[in-house]
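**Student:** My structure is below; once you've seen it, I'll send some questions.
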Amino acid sequence: MKGIISLILVALLVAALFVGCSKSDPVGTYKIDMDSLIEATKNESDKTKDMSNEEIKDLLKTIGMTEDSMSLEIKKDGTFVLDLSGDKTEGTWKQDGSKLTLTAENEPIDVDFSDGKITMEVEEAGMKLIFVKK
């Protein structure tokens, strides 16, 4: 009987660990997914649509847009910092399922949060940016 109880306790402990490691908590630091940035840049204008991914990556690098220069930090206290090559935006965030609402300067933007990624649609530029948890 003690063996069965021990086995059940171990199973409950393992289940609790999996729940604790769930990707439903967006808190953390994310970096830009360069593949999504390259695709967004490629689709942005006629000048870049025929460029290779490596050429676009080099172009982005020359203007300071790299994986290390673009990040999104979602803080536990309900605030966030979006850093796009030194241009920082700060605000608050709320979660509703797989949707996060980031609000800065009274302007909310809804983003998708799933599988440890935050997907941000930039409608004005017709771009989709993906941030991946570090």
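Scheme for the structure tokens: letters A, B, ... for chains in order shown; per-chain residue numbers from 1; ligand numbers from 1 in order shown.
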Leaving out A:Glu39 and any residue of its chain fewer than 2 positions from it, which residues lie within 10 Å of it when counting only C-alpha atoms, given as a list in words?
**Tutor:**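 Near neighbours after the sequence-gap exclusion: Met34, Asp35, Ser36, Leu37, Thr41, Lys42, Asn43, Glu44, Thr48, Lys49, Asn53, Ile56, Met127, Lys128 and Leu129 of chain A.
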**Student:** Got a sec to tell me which of stretch 2-133 of chain A DSSP assigns to helix (DSSP H, G or I), as an MDAnalysis selection string?
**Tutor:** chainID A and resid 2:20 34:44 53:62
**Student:** Those residues with N, CA and C atoms, as a short mmCIF file (atom, residue, chain, number, x, y, z; two decimals), in the first residue's frame please?
**Tutor:**
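Here's the written file selection_30.cif:
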data_model
loop_
_atom_site.label_atom_id
_atom_site.label_comp_id
_atom_site.auth_asym_id
_atom_site.auth_seq_id
_atom_site.Cartn_x
_atom_site.Cartn_y
_atom_site.Cartn_z
N LYS A 2 1.96 1.23 0.80
CA LYS A 2 2.85 2.39 0.84
C LYS A 2 3.47 2.64 -0.53
N GLY A 3 3.73 1.58 -1.27
CA GLY A 3 4.31 1.71 -2.61
C GLY A 3 3.37 2.42 -3.56
N ILE A 4 2.08 2.11 -3.46
CA ILE A 4 1.08 2.74 -4.32
C ILE A 4 0.94 4.22 -3.96
N ILE A 5 0.92 4.52 -2.68
CA ILE A 5 0.81 5.92 -2.24
C ILE A 5 2.04 6.71 -2.69
N SER A 6 3.21 6.11 -2.56
CA SER A 6 4.43 6.77 -3.01
C SER A 6 4.39 7.02 -4.51
N LEU A 7 3.91 6.05 -5.27
CA LEU A 7 3.81 6.18 -6.72
C LEU A 7 2.83 7.30 -7.09
N ILE A 8 1.71 7.38 -6.39
CA ILE A 8 0.73 8.44 -6.64
C ILE A 8 1.32 9.80 -6.31
N LEU A 9 2.05 9.90 -5.19
CA LEU A 9 2.67 11.17 -4.81
C LEU A 9 3.70 11.62 -5.85
N VAL A 10 4.49 10.67 -6.35
CA VAL A 10 5.48 10.99 -7.38
C VAL A 10 4.77 11.47 -8.65
N ALA A 11 3.68 10.79 -9.04
CA ALA A 11 2.93 11.19 -10.23
C ALA A 11 2.35 12.59 -10.06
N LEU A 12 1.83 12.91 -8.87
CA LEU A 12 1.30 14.24 -8.62
C LEU A 12 2.40 15.30 -8.66
N LEU A 13 3.56 14.96 -8.14
CA LEU A 13 4.68 15.89 -8.17
C LEU A 13 5.12 16.18 -9.60
N VAL A 14 5.21 15.14 -10.41
CA VAL A 14 5.59 15.32 -11.82
C VAL A 14 4.54 16.16 -12.54
N ALA A 15 3.26 15.89 -12.29
CA ALA A 15 2.19 16.68 -12.92
C ALA A 15 2.28 18.14 -12.50
N ALA A 16 2.57 18.40 -11.24
CA ALA A 16 2.70 19.78 -10.75
C ALA A 16 3.87 20.48 -11.41
N LEU A 17 4.95 19.75 -11.65
CA LEU A 17 6.11 20.35 -12.33
C LEU A 17 5.75 20.74 -13.76
N PHE A 18 5.01 19.89 -14.46
CA PHE A 18 4.60 20.21 -15.83
C PHE A 18 3.68 21.42 -15.86
N VAL A 19 2.78 21.52 -14.91
CA VAL A 19 1.89 22.67 -14.86
C VAL A 19 2.70 23.93 -14.56
N GLY A 20 3.67 23.83 -13.67
CA GLY A 20 4.51 24.96 -13.33
C GLY A 20 5.37 25.41 -14.49
N MET A 34 14.56 36.66 -36.18
CA MET A 34 15.11 37.29 -37.38
C MET A 34 14.44 36.80 -38.66
N ASP A 35 14.03 35.55 -38.71
CA ASP A 35 13.36 35.04 -39.91
C ASP A 35 12.07 35.81 -40.17
N SER A 36 11.31 36.10 -39.11
CA SER A 36 10.07 36.86 -39.30
C SER A 36 10.36 38.29 -39.70
N LEU A 37 11.43 38.87 -39.14
CA LEU A 37 11.80 40.24 -39.49
C LEU A 37 12.27 40.32 -40.94
N ILE A 38 13.01 39.32 -41.37
CA ILE A 38 13.48 39.28 -42.77
C ILE A 38 12.28 39.17 -43.71
N GLU A 39 11.34 38.28 -43.38
CA GLU A 39 10.14 38.12 -44.23
C GLU A 39 9.31 39.40 -44.26
N ALA A 40 9.16 40.03 -43.11
CA ALA A 40 8.39 41.29 -43.05
C ALA A 40 9.07 42.36 -43.89
N THR A 41 10.39 42.42 -43.83
CA THR A 41 11.14 43.40 -44.61
C THR A 41 11.03 43.09 -46.10
N LYS A 42 11.11 41.82 -46.43
CA LYS A 42 11.02 41.40 -47.84
C LYS A 42 9.66 41.80 -48.42
N ASN A 43 8.62 41.68 -47.64
CA ASN A 43 7.26 41.99 -48.11
C ASN A 43 6.91 43.47 -48.00
N GLU A 44 7.80 44.24 -47.38
CA GLU A 44 7.50 45.65 -47.11
C GLU A 44 7.55 46.53 -48.35
N ASN A 53 17.60 36.47 -48.39
CA ASN A 53 17.48 36.62 -46.94
C ASN A 53 18.78 37.15 -46.33
N GLU A 54 19.91 36.68 -46.85
CA GLU A 54 21.21 37.12 -46.33
C GLU A 54 21.44 38.61 -46.63
N GLU A 55 21.03 39.05 -47.82
CA GLU A 55 21.16 40.47 -48.16
C GLU A 55 20.29 41.33 -47.25
N ILE A 56 19.08 40.86 -46.99
CA ILE A 56 18.19 41.62 -46.10
C ILE A 56 18.75 41.64 -44.68
N LYS A 57 19.27 40.52 -44.24
CA LYS A 57 19.86 40.46 -42.89
C LYS A 57 21.02 41.45 -42.78
N ASP A 58 21.86 41.52 -43.81
CA ASP A 58 22.97 42.49 -43.81
C ASP A 58 22.44 43.91 -43.81
N LEU A 59 21.39 44.18 -44.59
CA LEU A 59 20.78 45.50 -44.63
C LEU A 59 20.24 45.89 -43.26
N LEU A 60 19.53 44.97 -42.62
CA LEU A 60 18.98 45.23 -41.29
C LEU A 60 20.10 45.49 -40.29
N LYS A 61 21.17 44.73 -40.42
CA LYS A 61 22.31 44.90 -39.50
C LYS A 61 22.92 46.29 -39.64
N THR A 62 23.01 46.80 -40.89
CA THR A 62 23.62 48.12 -41.10
C THR A 62 22.79 49.24 -40.46
#
**Student:** Any idea what's packed within 7 Å of A:Lys99, counting only C-alpha atoms, ignoring anything in its chain fewer than 2 positions away? Could you give it as a compact mmCIF listing (two decimals) with C-alpha atoms, in the first residue's frame?
**Tutor:**
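Generated output (result.txt):
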# COMPACT_ATOMS: atom_id res chain seq x y z
CA GLN A 95 -3.51 38.71 -20.51
CA ASP A 96 -6.75 37.14 -21.67
CA GLY A 97 -6.05 33.54 -22.66
CA THR A 101 -2.93 43.60 -24.65
CA ASP A 110 -3.41 43.15 -29.08
CA VAL A 111 -0.76 40.52 -29.65
CA ASP A 112 -0.92 36.74 -29.80
CA PHE A 113 0.92 34.71 -27.16
**Student:** For atom CA of A:Thr89 and atom CA of A:Gly116, determine how far apart the two atoms are, in Å to one decimal place.
**Tutor:**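 Atom CA of A:Thr89 sits 21.3 Å away from atom CA of A:Gly116.
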**Student:** Give me the residues near A:Asp68 as a PyMOL selection string, where near means some atom within 10 Å (using only C-alpha atoms) and where sequence neighbours in that chain fewer than 4 positions away do not count.
**Tutor:** chain A and resi 31-32+64+83-85
**Student:** With a distance cut-off of 8 Å and only C-alpha atoms, select the neighbouring residues of A:Trp93, excluding the residue or stretch itself and same-chain residues fewer than 6 positions from it, and output the selection as an NGL selection string.
**Tutor:** :A and (74 or 78-80 or 100-103)
**Student:** Go ahead and save the picked residues with N, CA and C atoms, as a compact mmCIF listing (two decimals), in the first residue's frame.
**Tutor:**
# COMPACT_ATOMS: atom_id res chain seq x y z
N ILE A 74 8.41 41.35 -20.79
CA ILE A 74 7.12 41.33 -20.09
C ILE A 74 7.44 41.12 -18.61
N GLY A 78 3.21 43.68 -14.31
CA GLY A 78 2.19 44.16 -15.24
C GLY A 78 2.67 45.24 -16.19
N THR A 79 3.99 45.46 -16.25
CA THR A 79 4.54 46.44 -17.18
C THR A 79 5.37 45.72 -18.24
N PHE A 80 5.68 46.44 -19.32
CA PHE A 80 6.53 45.89 -20.36
C PHE A 80 7.45 46.97 -20.90
N LEU A 100 -2.52 38.96 -25.45
CA LEU A 100 -1.98 39.97 -24.54
C LEU A 100 -2.36 41.32 -25.11
N THR A 101 -2.70 42.23 -24.23
CA THR A 101 -2.93 43.60 -24.65
C THR A 101 -1.82 44.45 -24.05
N LEU A 102 -1.01 45.03 -24.93
CA LEU A 102 0.07 45.92 -24.52
C LEU A 102 -0.44 47.34 -24.71
N THR A 103 -0.37 48.14 -23.66
CA THR A 103 -0.87 49.51 -23.73
C THR A 103 0.26 50.49 -23.38
**Student:** Identify which of the residues A:Glu105, A:Met65, A:Ser98, A:Glu124 lies closest to A:Pro26, counting only C-alpha atoms when measuring atom-to-atom distances.
**Tutor:**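 Smallest separation from A:Pro26 among the options: A:Ser98.
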**Student:** What is the atom CA of A:Gly28 to atom CA of A:Glu73 distance in Å?
**Tutor:**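 According to the coordinates, atom CA of A:Gly28 and atom CA of A:Glu73 are separated by 5.8 Å.
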**Student:** Any idea what the distance is between atom CA of A:Asp77 and atom CA of A:Thr29?
**Tutor:**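 The value is 13.7 Å.
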